[in-house]
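This is data_25.cif. It holds mmCIF, C-alpha atoms.
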data_structure
loop_
_atom_site.label_atom_id
_atom_site.label_comp_id
_atom_site.auth_asym_id
_atom_site.auth_seq_id
_atom_site.Cartn_x
_atom_site.Cartn_y
_atom_site.Cartn_z
CA MET A 1 -8.11 24.25 -4.42
CA ALA A 2 -11.23 23.62 -6.44
CA ALA A 3 -13.01 20.48 -5.41
CA GLU A 4 -13.94 18.06 -8.12
CA SER A 5 -17.65 17.84 -8.69
CA PRO A 6 -19.25 14.75 -7.22
CA SER A 7 -20.22 13.34 -10.56
CA SER A 8 -16.91 13.95 -12.29
CA VAL A 9 -14.99 10.76 -12.77
CA ARG A 10 -11.56 11.56 -13.96
CA LYS A 11 -10.39 9.77 -17.09
CA VAL A 12 -6.78 9.50 -18.12
CA VAL A 13 -5.46 9.34 -21.66
CA VAL A 14 -3.05 6.45 -22.06
CA HIS A 15 -0.76 6.25 -25.06
CA LEU A 16 0.43 2.72 -25.77
CA ARG A 17 3.76 2.46 -27.55
CA ALA A 18 5.40 -0.67 -28.88
CA THR A 19 9.07 -1.31 -28.10
CA GLY A 20 11.47 -3.58 -29.90
CA ASP A 21 9.68 -6.16 -32.00
CA ALA A 22 6.38 -5.90 -30.16
CA PRO A 23 3.41 -5.58 -32.51
CA ILE A 24 2.03 -2.09 -32.98
CA LEU A 25 -1.60 -1.62 -32.07
CA LYS A 26 -4.00 -0.18 -34.62
CA GLN A 27 -5.42 2.05 -31.98
CA ALA A 28 -2.81 3.23 -29.55
CA LYS A 29 -4.59 5.91 -27.55
CA PHE A 30 -7.23 5.12 -24.96
CA LYS A 31 -9.09 6.74 -22.15
CA ILE A 32 -9.26 4.87 -18.90
CA LEU A 33 -10.79 5.66 -15.53
CA GLY A 34 -8.28 7.23 -13.17
CA SER A 35 -9.60 5.02 -10.41
CA ASP A 36 -8.65 1.89 -12.34
CA LYS A 37 -5.49 0.02 -11.50
CA PHE A 38 -2.56 -0.21 -13.85
CA ALA A 39 -3.37 -3.93 -14.01
CA LYS A 40 -6.22 -3.01 -16.32
CA VAL A 41 -3.78 -1.55 -18.85
CA ILE A 42 -1.60 -4.66 -18.61
CA ASP A 43 -4.58 -7.00 -19.05
CA PHE A 44 -5.83 -4.98 -21.99
CA LEU A 45 -2.46 -5.27 -23.69
CA ARG A 46 -2.31 -9.01 -23.02
CA ARG A 47 -5.70 -9.54 -24.62
CA GLN A 48 -5.02 -7.28 -27.59
CA LEU A 49 -1.66 -8.84 -28.35
CA HIS A 50 -2.65 -12.39 -27.41
CA ARG A 51 0.44 -12.67 -25.29
CA ASP A 52 0.79 -13.63 -21.68
CA THR A 53 4.36 -12.51 -21.28
CA LEU A 54 4.61 -8.79 -21.67
CA PHE A 55 6.86 -6.20 -20.14
CA VAL A 56 5.04 -2.95 -19.55
CA TYR A 57 6.73 0.31 -18.62
CA VAL A 58 5.94 3.95 -18.05
CA ASN A 59 8.03 6.55 -19.91
CA SER A 60 10.46 3.82 -20.99
CA ALA A 61 11.72 3.89 -17.44
CA PHE A 62 10.17 1.51 -14.95
CA SER A 63 7.43 -1.07 -14.57
CA PRO A 64 4.81 0.17 -12.14
CA ASN A 65 3.18 -2.21 -9.72
CA PRO A 66 -0.11 -3.39 -11.26
CA ASP A 67 -1.99 -2.25 -8.13
CA GLU A 68 -1.01 1.37 -8.61
CA LEU A 69 -3.83 3.60 -9.71
CA VAL A 70 -3.72 5.09 -13.18
CA ILE A 71 -4.54 8.52 -11.80
CA ASP A 72 -1.49 8.45 -9.52
CA LEU A 73 0.74 7.34 -12.38
CA TYR A 74 -0.65 10.10 -14.56
CA ASN A 75 -0.23 12.75 -11.87
CA ASN A 76 3.34 11.68 -11.14
CA PHE A 77 4.64 10.67 -14.56
CA GLY A 78 2.25 11.92 -17.19
CA PHE A 79 3.04 14.79 -19.52
CA ASP A 80 1.32 16.58 -22.39
CA GLY A 81 -2.00 15.40 -20.99
CA LYS A 82 -1.27 11.69 -21.29
CA LEU A 83 0.44 8.72 -19.70
CA VAL A 84 2.91 7.01 -22.00
CA VAL A 85 2.99 3.25 -21.56
CA ASN A 86 5.58 1.19 -23.42
CA TYR A 87 5.23 -2.52 -23.96
CA ALA A 88 7.74 -5.12 -25.06
CA CYS A 89 7.79 -8.86 -25.52
CA SER A 90 11.13 -9.21 -23.83
CA MET A 91 12.72 -7.20 -21.05
CA ALA A 92 13.56 -3.83 -22.55
CA TRP A 93 14.93 -1.92 -19.60
CA GLY A 94 16.39 -4.24 -17.00
CA MET B 1 22.60 7.26 11.38
CA GLU B 2 21.42 5.30 14.40
CA ALA B 3 17.77 5.55 13.57
CA GLN B 4 18.28 3.84 10.24
CA LYS B 5 20.02 0.99 12.00
CA TYR B 6 17.05 0.56 14.31
CA VAL B 7 14.75 0.45 11.33
CA TRP B 8 16.88 -2.13 9.53
CA ASP B 9 17.16 -4.26 12.66
CA GLY B 10 13.43 -4.06 13.27
CA ALA B 11 11.53 -7.30 12.90
CA ILE B 12 8.03 -8.65 13.39
CA PRO B 13 7.69 -11.88 15.37
CA LEU B 14 5.54 -14.19 13.26
CA GLN B 15 3.76 -17.37 14.20
CA ILE B 16 3.04 -19.05 10.89
CA HIS B 17 0.48 -21.79 10.60
CA LEU B 18 0.25 -24.04 7.57
CA HIS B 19 -3.22 -23.92 6.10
CA GLU B 20 -5.17 -27.02 7.13
CA SER B 21 -5.94 -27.95 3.53
CA GLN B 22 -2.28 -28.63 3.02
CA VAL B 23 -1.60 -30.62 6.13
CA THR B 24 -1.28 -34.28 5.18
CA THR B 25 0.24 -35.60 8.38
CA LEU B 26 -1.02 -36.28 11.85
CA PRO B 27 -0.40 -34.62 14.17
CA PRO B 28 -0.28 -31.37 12.21
CA PRO B 29 3.06 -29.57 12.32
CA PRO B 30 3.49 -26.89 14.96
CA PRO B 31 3.52 -23.32 13.66
CA ALA B 32 6.84 -21.87 12.56
CA LEU B 33 8.18 -19.04 14.67
CA ILE B 34 10.10 -16.50 12.63
CA LEU B 35 11.41 -12.99 13.11
CA ALA B 36 10.62 -11.33 9.80
CA PRO B 37 12.55 -8.14 8.99
CA ARG B 38 10.35 -5.05 8.80
CA ILE B 39 11.98 -3.93 5.59
CA GLY B 40 11.69 -7.37 4.00
CA TYR B 41 8.97 -9.12 2.07
CA LEU B 42 6.98 -12.18 3.08
CA PRO B 43 7.72 -14.43 0.04
CA LEU B 44 11.39 -14.28 0.97
CA LEU B 45 10.55 -16.40 3.99
CA ALA B 46 9.92 -19.31 1.63
CA SER B 47 13.53 -20.44 1.98
CA LEU B 48 12.82 -21.08 5.66
CA LEU B 49 9.20 -22.18 5.48
CA LYS B 50 9.33 -24.66 2.63
CA PRO B 51 11.89 -26.91 4.31
CA TYR B 52 10.09 -26.53 7.63
CA PHE B 53 6.76 -27.75 6.24
CA SER B 54 8.04 -29.93 3.41
CA SER B 55 7.36 -33.25 5.09
CA THR B 56 3.69 -32.49 5.42
CA LEU B 57 2.94 -30.74 2.15
CA PRO B 58 0.97 -32.59 -0.52
CA PRO B 59 2.81 -33.27 -3.80
CA GLY B 60 2.60 -30.65 -6.51
CA VAL B 61 3.78 -27.19 -7.43
CA ASP B 62 4.39 -24.73 -4.62
CA THR B 63 3.51 -21.06 -4.83
CA ILE B 64 3.77 -19.41 -1.46
CA TRP B 65 1.24 -16.92 -0.18
CA PHE B 66 0.03 -15.72 3.19
CA ASP B 67 -3.20 -14.63 4.76
CA TYR B 68 -4.10 -12.79 7.94
CA ASN B 69 -7.59 -13.51 9.23
CA GLY B 70 -8.53 -14.68 5.77
CA LEU B 71 -7.17 -11.62 3.98
CA PRO B 72 -4.56 -12.61 1.38
CA LEU B 73 -1.47 -10.49 1.97
CA LYS B 74 -0.08 -8.38 -0.85
CA TRP B 75 3.46 -9.61 -1.12
CA TYR B 76 5.01 -6.45 -2.56
CA ILE B 77 4.17 -4.47 0.57
CA PRO B 78 7.04 -4.61 3.08
CA THR B 79 6.32 -6.88 6.04
CA GLY B 80 6.50 -4.05 8.58
CA VAL B 81 3.99 -1.99 6.63
CA LEU B 82 1.56 -4.91 6.44
CA PHE B 83 1.82 -5.31 10.19
CA ASP B 84 1.34 -1.59 10.90
CA LEU B 85 -1.60 -1.46 8.55
CA LEU B 86 -3.51 -4.60 9.43
CA CYS B 87 -2.88 -4.79 13.16
CA ALA B 88 -4.34 -1.64 14.65
CA GLU B 89 -3.45 -3.09 18.03
CA PRO B 90 -0.10 -4.81 17.44
CA GLU B 91 -0.43 -8.56 17.81
CA ARG B 92 2.70 -10.29 19.05
CA PRO B 93 3.44 -12.78 17.72
CA TRP B 94 1.57 -11.98 14.56
CA ASN B 95 -0.43 -15.03 13.57
CA LEU B 96 -0.36 -15.67 9.85
CA THR B 97 -1.39 -18.60 7.71
CA VAL B 98 0.90 -19.79 4.96
CA HIS B 99 -0.32 -21.53 1.82
CA PHE B 100 1.53 -23.36 -0.87
CA ARG B 101 -1.47 -24.04 -3.09
CA GLY B 102 -4.50 -22.26 -4.43
CA TYR B 103 -2.89 -18.93 -5.20
CA PRO B 104 -5.67 -16.29 -5.17
CA GLY B 105 -4.96 -14.81 -8.56
CA THR B 106 -7.93 -12.47 -8.42
CA VAL B 107 -6.68 -10.73 -5.31
CA LEU B 108 -2.92 -11.04 -5.53
CA ILE B 109 -0.65 -10.24 -8.44
CA PRO B 110 1.52 -13.21 -9.44
CA CYS B 111 4.68 -13.97 -7.53
CA GLU B 112 7.23 -16.45 -8.72
CA GLY B 113 9.57 -16.41 -5.79
CA GLU B 114 12.60 -14.27 -5.15
CA ASP B 115 12.89 -13.02 -8.72
CA SER B 116 9.44 -11.46 -8.62
CA VAL B 117 10.20 -9.73 -5.35
CA LYS B 118 13.52 -8.46 -6.69
CA TRP B 119 11.82 -7.15 -9.85
CA SER B 120 9.23 -5.39 -7.72
CA TYR B 121 11.92 -3.86 -5.51
CA ILE B 122 14.11 -2.62 -8.36
CA ASN B 123 11.13 -1.08 -10.12
CA SER B 124 10.03 0.67 -6.94
CA LEU B 125 13.54 2.00 -6.63
CA LYS B 126 13.39 3.26 -10.23
CA GLU B 127 10.04 4.84 -9.57
CA ALA B 128 11.45 6.62 -6.52
CA ALA B 129 14.47 7.78 -8.49
CA TYR B 130 12.16 9.09 -11.21
CA ILE B 131 10.13 11.01 -8.65
CA MET B 132 13.24 12.56 -7.13
CA ASN B 133 15.31 13.19 -10.24
CA GLY B 134 12.87 13.22 -13.12
CA ASN B 135 14.47 10.10 -14.55
CA CYS B 136 15.85 6.81 -13.29
CA LYS B 137 19.05 6.69 -15.30
CA ASN B 138 21.12 6.21 -12.18
CA VAL B 139 19.37 2.96 -11.33
CA MET B 140 19.28 1.79 -14.96
CA ASN B 141 23.00 2.42 -15.28
CA MET B 142 23.89 0.38 -12.23
CA SER B 143 26.17 -2.51 -13.03
CA GLN B 144 24.62 -5.96 -12.76
CA SER B 145 26.84 -6.77 -9.83
CA ASP B 146 25.93 -3.55 -8.02
CA GLN B 147 22.24 -4.17 -8.56
CA LEU B 148 22.62 -7.70 -7.24
CA GLU B 149 24.65 -6.52 -4.27
CA LEU B 150 22.02 -3.92 -3.45
CA TRP B 151 19.24 -6.47 -3.64
CA HIS B 152 21.12 -8.93 -1.48
CA SER B 153 21.81 -6.25 1.11
CA VAL B 154 18.06 -5.69 1.35
CA MET B 155 17.33 -9.43 1.51
CA ASN B 156 19.91 -9.97 4.21
CA GLY B 157 19.30 -6.75 6.10
CA ASN B 158 22.87 -5.61 5.64
CA LEU B 159 22.71 -1.85 6.18
CA GLU B 160 26.43 -1.23 5.69
CA THR B 161 26.49 -2.79 2.25
CA TYR B 162 23.23 -1.10 1.36
CA GLN B 163 24.54 2.33 2.27
CA ARG B 164 27.75 1.76 0.37
CA VAL B 165 26.06 0.63 -2.83
CA SER B 166 23.09 2.99 -2.70
CA SER B 167 25.30 6.02 -2.15
CA LYS B 168 26.59 5.48 -5.69
CA LEU B 169 23.10 6.27 -6.91
CA LYS B 170 23.35 9.82 -5.59
CA LEU B 171 19.70 10.06 -4.79
CA ALA B 172 19.38 13.34 -2.95
CA THR B 173 16.13 14.26 -1.35
CA VAL B 174 15.78 16.39 1.69
CA GLU B 175 18.19 18.69 3.41
CA ASP B 176 18.15 17.71 7.02
CA GLU B 177 20.52 19.37 9.44
CA HIS B 178 19.65 16.88 12.14
CA THR B 179 20.78 13.83 10.24
CA SER B 180 23.75 15.29 8.39
CA LEU B 181 25.27 16.46 11.65
CA CYS B 182 25.33 12.91 12.94
CA SER B 183 26.41 11.08 9.83
CA SER B 184 30.01 10.19 9.36
CA LYS B 185 31.99 11.67 6.53
CA SER B 186 32.18 8.44 4.61
CA GLN B 187 28.41 8.22 4.35
CA GLN B 188 26.55 10.09 1.75
CA GLY B 189 23.60 11.69 3.44
CA PHE B 190 20.66 13.22 1.77
CA GLY B 191 20.53 16.78 0.62
CA GLU B 192 23.77 16.87 -1.24
CA THR B 193 24.51 20.33 -2.47
CA ASP B 194 26.58 21.24 -5.42
CA LEU B 195 28.59 24.42 -5.87
CA ALA B 196 25.75 26.22 -7.54
CA GLY B 197 23.57 26.07 -4.47
CA GLN B 198 20.96 23.97 -2.88
CA VAL B 199 18.10 22.06 -4.35
CA LYS B 200 15.16 24.34 -3.92
CA THR B 201 12.38 21.84 -3.96
CA GLY B 202 12.53 18.16 -3.33
CA ARG B 203 9.95 15.53 -4.08
CA VAL B 204 9.76 12.77 -1.54
CA PRO B 205 8.37 9.44 -2.77
CA VAL B 206 5.51 8.41 -0.52
CA ARG B 207 3.18 5.42 -0.50
CA LEU B 208 0.11 6.09 1.58
CA TYR B 209 -2.07 3.29 2.89
CA VAL B 210 -5.29 4.78 4.16
CA TRP B 211 -7.97 2.91 5.97
CA SER B 212 -11.10 4.64 7.11
CA VAL B 213 -13.39 4.14 10.04
CA SER B 214 -16.70 5.79 10.70
CA GLU B 215 -16.56 6.12 14.47
CA ASP B 216 -14.13 6.70 17.28
CA PHE B 217 -12.72 3.76 19.16
CA ASP B 218 -11.42 3.84 22.70
CA ASP B 219 -9.27 0.81 22.12
CA LEU B 220 -7.41 -0.02 18.98
CA GLU B 221 -8.41 -3.60 19.65
CA ASP B 222 -12.03 -2.69 18.98
CA MET B 223 -11.33 -1.39 15.54
CA PRO B 224 -12.91 -3.40 12.77
CA LYS B 225 -10.43 -5.73 11.08
CA VAL B 226 -9.59 -5.11 7.46
CA ASP B 227 -11.30 -7.91 5.59
CA SER B 228 -10.81 -6.64 2.06
CA TRP B 229 -8.26 -4.60 0.19
CA GLU B 230 -11.16 -2.52 -1.10
CA LYS B 231 -11.18 -0.90 2.32
CA ILE B 232 -7.62 0.36 1.93
CA SER B 233 -6.82 3.29 -0.31
CA TYR B 234 -3.39 2.83 -1.86
CA ILE B 235 -2.21 6.30 -2.75
CA ASN B 236 1.07 7.10 -4.46
CA ARG B 237 1.70 10.78 -4.24
CA PRO B 238 5.02 12.49 -3.57
CA VAL B 239 5.35 15.17 -0.94
CA GLU B 240 6.84 18.40 -2.19
CA ILE B 241 9.37 19.99 0.09
CA HIS B 242 9.82 23.67 -0.47
CA LYS B 243 12.83 25.43 0.78
CA GLU B 244 13.70 28.97 1.44
CA ALA B 245 14.98 30.54 -1.70
CA GLY B 246 18.15 32.55 -1.92
CA VAL B 247 21.39 30.89 -1.02
CA ASP B 248 24.64 32.69 -1.29
CA PHE B 249 26.70 30.03 -2.96
CA GLU B 250 29.98 31.55 -2.05
CA ASP B 251 29.04 31.39 1.53
CA ALA B 252 29.28 28.06 3.29
CA LEU B 253 26.31 29.04 5.32
CA ARG B 254 23.45 26.71 4.66
CA ILE B 255 19.93 27.83 5.25
CA PRO B 256 18.04 24.91 6.63
CA SER B 257 14.80 23.99 4.98
CA GLU B 258 11.62 25.08 6.60
CA ASP B 259 11.38 22.24 9.02
CA VAL B 260 7.72 21.52 8.99
CA SER B 261 6.60 19.11 11.60
CA SER B 262 5.87 15.70 10.16
CA ASP B 263 2.47 15.63 11.71
CA LYS B 264 1.37 18.63 9.69
CA VAL B 265 2.96 17.38 6.49
CA VAL B 266 1.29 13.99 6.64
CA GLU B 267 -2.04 15.50 7.59
CA ASP B 268 -2.02 17.91 4.69
CA HIS B 269 -0.80 15.23 2.35
CA VAL B 270 -3.45 12.73 3.32
CA GLN B 271 -6.14 15.38 3.21
CA ASN B 272 -5.00 16.38 -0.24
CA ALA B 273 -4.63 12.89 -1.60
CA TYR B 274 -7.82 11.71 -0.03
CA GLU B 275 -9.86 14.55 -1.42
CA HIS B 276 -8.57 13.89 -4.88
CA ARG B 277 -9.36 10.24 -4.64
CA GLU B 278 -12.65 10.24 -2.84
CA ALA B 279 -13.97 13.32 -4.54
CA CYS B 280 -17.47 12.01 -4.73
CA SER B 281 -19.27 11.70 -1.46
CA ILE B 282 -17.00 13.00 1.23
CA SER B 283 -17.66 16.67 1.63
CA SER B 284 -16.25 17.33 5.07
CA SER B 285 -12.66 16.64 5.85
CA ALA B 286 -11.37 13.30 6.99
CA GLU B 287 -10.04 13.33 10.52
CA ILE B 288 -6.73 11.63 11.01
CA LYS B 289 -6.85 9.17 13.89
CA LEU B 290 -3.53 7.40 13.52
CA ILE B 291 -0.31 7.75 11.57
CA ARG B 292 2.23 4.94 11.56
CA ILE B 293 5.63 4.91 9.91
CA GLN B 294 7.96 1.96 10.58
CA GLY B 295 5.75 1.04 13.51
CA ILE B 296 6.21 4.48 15.02
CA GLU B 297 3.53 7.06 15.62
CA PRO B 298 5.58 10.20 14.99
CA LYS B 299 5.36 12.99 17.54
CA LEU B 300 4.02 16.32 16.39
CA GLU B 301 7.34 18.09 16.67
CA ILE B 302 9.51 15.73 14.65
CA PRO B 303 10.64 17.54 11.51
CA PHE B 304 9.42 15.81 8.39
CA SER B 305 12.90 15.93 6.91
CA TRP B 306 14.16 13.71 9.72
CA VAL B 307 11.32 11.26 9.14
CA VAL B 308 12.19 11.03 5.46
CA ASN B 309 15.88 10.49 5.94
CA ASN B 310 15.58 7.95 8.71
CA LEU B 311 12.34 6.07 8.25
CA MET B 312 12.26 5.45 4.54
CA ASN B 313 12.41 1.91 3.20
CA PRO B 314 15.30 0.57 1.09
CA ASP B 315 13.28 1.41 -2.01
CA TYR B 316 13.58 5.11 -1.09
CA PHE B 317 9.86 5.29 -0.45
CA LEU B 318 8.33 6.47 2.77
CA HIS B 319 5.48 4.05 3.52
CA ILE B 320 2.88 5.70 5.69
CA CYS B 321 -0.13 3.97 7.22
CA VAL B 322 -2.99 6.25 8.12
CA CYS B 323 -6.33 5.69 9.77
CA VAL B 324 -8.92 8.35 9.05
CA LYS B 325 -12.32 8.85 10.49
CA VAL B 326 -14.79 9.69 7.82
CA PRO B 327 -18.21 10.93 8.78
CA GLN B 328 -20.86 8.33 8.11
CA GLN B 329 -22.50 8.97 4.78
CA ASN B 330 -26.26 9.41 4.75
CA SER B 331 -28.01 6.70 2.84
CA THR B 332 -29.84 8.03 -0.18
#
Please go through the file and, once you have read it, give me the structure as structure tokens.
Amino acid sequence: MAAESPSSVRKVVVHLRATGDAPILKQAKFKILGSDKFAKVIDFLRRQLHRDTLFVYVNSAFSPNPDELVIDLYNNFGFDGKLVVNYACSMAWG
Amino acid sequence: MEAQKYVWDGAIPLQIHLHESQVTTLPPPPPALILAPRIGYLPLLASLLKPYFSSTLPPGVDTIWFDYNGLPLKWYIPTGVLFDLLCAEPERPWNLTVHFRGYPGTVLIPCEGEDSVKWSYINSLKEAAYIMNGNCKNVMNMSQSDQLELWHSVMNGNLETYQRVSSKLKLATVEDEHTSLCSSKSQQGFGETDLAGQVKTGRVPVRLYVWSVSEDFDDLEDMPKVDSWEKISYINRPVEIHKEAGVDFEDALRIPSEDVSSDKVVEDHVQNAYEHREACSISSSAEIKLIRIQGIEPKLEIPFSWVVNNLMNPDYFLHICVCVKVPQQNST
């Protein structure tokens, strides 16, 4: 297995998708450090949407723990080179 | 399924001290002595602790949190895992400090009581289902009452109810001849096969908690205490189980999976995961010093499939605590 070069810091493409009546972001695709926690995505959404209460999911399926690393989420649940993150203002998938 | 019963009955004896900043009475209250289920979560102890300390707490809003030697404890990690991870040498009783004020929002994600813990549990379960099946429809389609019953079975440590309700989810992972031979007919074991044949590869949900040391220690007691979560690598990476291909589906004969010893599986997995994570400075391999699952250090020969089927948590994740020795990095 090829080792990653010491200076390579893996970035993950995150695609943010609005669900229900949540506002749609002007820019929906971002690159984030794989070593960042999912909490960073949640915080980013909170700031962008000016909302404290947000429900954030991966692949319209489950809400990952904010401490999980983005790289792990991408490796396990990403497809087509990106991690799809859905956000809603009320609980979408209970 | 005796082993599972042992796991569910397992508990950590806790001696819980109220943080001095919240003691308003003299003499201060004695610590609470509680047996906390291994598979449970610390905030669920609030129902016992709040009444116990209520007479001495200052007025105001209560948000429970715990610390061990000053380290705020992440509440979504099962109690048993926290103990295995943070107490290299098991401390009995385990001395914890409980707080009802001053929630450390920069270190801990918010917790609003039982509902937050339930939400965390159900989502972990969905995540596990997604890893195993490629989707979590089975969990999403659970009836409200089933979901509640499942959650309550975890809260109350009721294995019978848990097995009954969780079997409806049909979450098959690993074929394990050792466990299926012992299980009764009414139980739905893992590794269900359909007429078409066996599942060729299974993905086992694993949460790895890795802490690294730079030298060998004769005594676990001498190991440096974890004083920051930065020192723990939280790695979520499923283990792939590959089976022998080629099953004659007309034949009842079942070819058991290649029973790799758990020691080897975990070692490879940690090595793999660790290299991916710490790609930068660690060139030589990390040496595994300790593996703990449900408080057990698995023997070399135990087949990994047995470990999965018997030692997993109610969220269908195998939580593994690992201590690795990493060669000291040269200062540049």
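The point (-1.3, -4.3, 16.8) has these residues within 12 Å of it, counting only C-alpha atoms: Ile12, Pro13, Gly80, Val81, Leu82, Phe83, Asp84, Leu85, Leu86, Cys87, Ala88, Glu89, Pro90, Glu91, Arg92, Pro93, Trp94, Asn95, Asp219, Leu220, Glu221, Asp222, Met223, Lys225, Arg292, Gly295 and Ile296 of chain B.
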Margin query: List as a PyMOL selection string the protein and nucleic acid residues near segment 61-71 of chain B, meaning an atom at most 12 Å away when only C-alpha atoms are counted, but skip any in the same chain fewer than 4 places from it.
Written below: chain B and resi 14-19+22+41-51+53-54+57+75-76+79+82-83+85-87+91+94-105+107-114+116+224-231
Result set of the PyMOL selection byres ((chain A and resi 46-48) around 12) on the coordinates above, as a PDB file with C-alpha atoms, in the frame of the given file:
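And here is the file that came out, expr_8.pdb:
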ATOM      1  CA  LEU A  16       0.430   2.720 -25.770  1.00  0.00           C
ATOM      2  CA  ALA A  22       6.380  -5.900 -30.160  1.00  0.00           C
ATOM      3  CA  PRO A  23       3.410  -5.580 -32.510  1.00  0.00           C
ATOM      4  CA  ILE A  24       2.030  -2.090 -32.980  1.00  0.00           C
ATOM      5  CA  LEU A  25      -1.600  -1.620 -32.070  1.00  0.00           C
ATOM      6  CA  LYS A  26      -4.000  -0.180 -34.620  1.00  0.00           C
ATOM      7  CA  GLN A  27      -5.420   2.050 -31.980  1.00  0.00           C
ATOM      8  CA  ALA A  28      -2.810   3.230 -29.550  1.00  0.00           C
ATOM      9  CA  ALA A  39      -3.370  -3.930 -14.010  1.00  0.00           C
ATOM     10  CA  LYS A  40      -6.220  -3.010 -16.320  1.00  0.00           C
ATOM     11  CA  VAL A  41      -3.780  -1.550 -18.850  1.00  0.00           C
ATOM     12  CA  ILE A  42      -1.600  -4.660 -18.610  1.00  0.00           C
ATOM     13  CA  ASP A  43      -4.580  -7.000 -19.050  1.00  0.00           C
ATOM     14  CA  PHE A  44      -5.830  -4.980 -21.990  1.00  0.00           C
ATOM     15  CA  LEU A  45      -2.460  -5.270 -23.690  1.00  0.00           C
ATOM     16  CA  LEU A  49      -1.660  -8.840 -28.350  1.00  0.00           C
ATOM     17  CA  HIS A  50      -2.650 -12.390 -27.410  1.00  0.00           C
ATOM     18  CA  ARG A  51       0.440 -12.670 -25.290  1.00  0.00           C
ATOM     19  CA  ASP A  52       0.790 -13.630 -21.680  1.00  0.00           C
ATOM     20  CA  THR A  53       4.360 -12.510 -21.280  1.00  0.00           C
ATOM     21  CA  LEU A  54       4.610  -8.790 -21.670  1.00  0.00           C
ATOM     22  CA  PHE A  55       6.860  -6.200 -20.140  1.00  0.00           C
ATOM     23  CA  VAL A  56       5.040  -2.950 -19.550  1.00  0.00           C
ATOM     24  CA  TYR A  87       5.230  -2.520 -23.960  1.00  0.00           C
ATOM     25  CA  ALA A  88       7.740  -5.120 -25.060  1.00  0.00           C
ATOM     26  CA  CYS A  89       7.790  -8.860 -25.520  1.00  0.00           C
TER      27      CYS A  89
END
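If you measure from each of A:Arg10, A:Ile32, A:Asp21, A:Leu83 to chain B using all atoms listed in the file, the closest one turns out to be A:Arg10.
Going from atom CA of Met312 of chain B to atom CA of Pro78 of chain B covers 11.4 Å.
For the pair atom CA of Ile122 of chain B and atom CA of Trp306 of chain B, the interatomic distance is 24.4 Å.
For Leu73 of chain A, the residues within 10 Å (counting all atoms listed in the file, excluding itself and residues fewer than 3 positions away along the chain) are Val12, Gly34, Lys37, Phe38, Val58, Pro64, Glu68, Leu69, Val70, Asn76, Phe77, Gly78, Leu83 and Val84 of chain A; Asn236 and Arg237 of chain B.
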Next item on the list: Determine the nearest neighbour of chain A from the options B:Ser233, B:Ser167, B:Ser305, B:Ser214, counting all atoms listed in the file.
Entry: B:Ser233
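When atom CA of Thr106 of chain B is paired with atom CA of Leu208 of chain B, their separation reads 22.6 Å.
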Kindly provide, as lines of an AutoDock Vina configuration file, the centre and edge lengths (Å, one decimal) of an axis-aligned box around all atoms of segment 27-34 of chain A given in the file, with 6 Å on each side.
center_x = -6.8
center_y = 4.6
center_z = -22.6
size_x = 20.0
size_y = 17.2
size_z = 30.8
Item checked: Close residues, His152 of chain B itself excluded, 12 Å, all atoms listed in the file, min 3 positions apart in chain, as number ranges by chain -> B: 40, 44, 114-115, 117-118, 121-122, 145-149, 155-162, 165, 314
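With only C-alpha atoms as the atoms that count, the minimum distance from Ile291 of chain B to the choices B:Leu73, B:Val23, B:Val154, B:Val324 is reached by B:Val324.
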Note to self: Calculated over all atoms listed in the file, which of the candidates B:Thr24, B:Asn133, B:Gln294, B:Ser55 has the smallest distance to chain A?
What the structure shows: B:Asn133
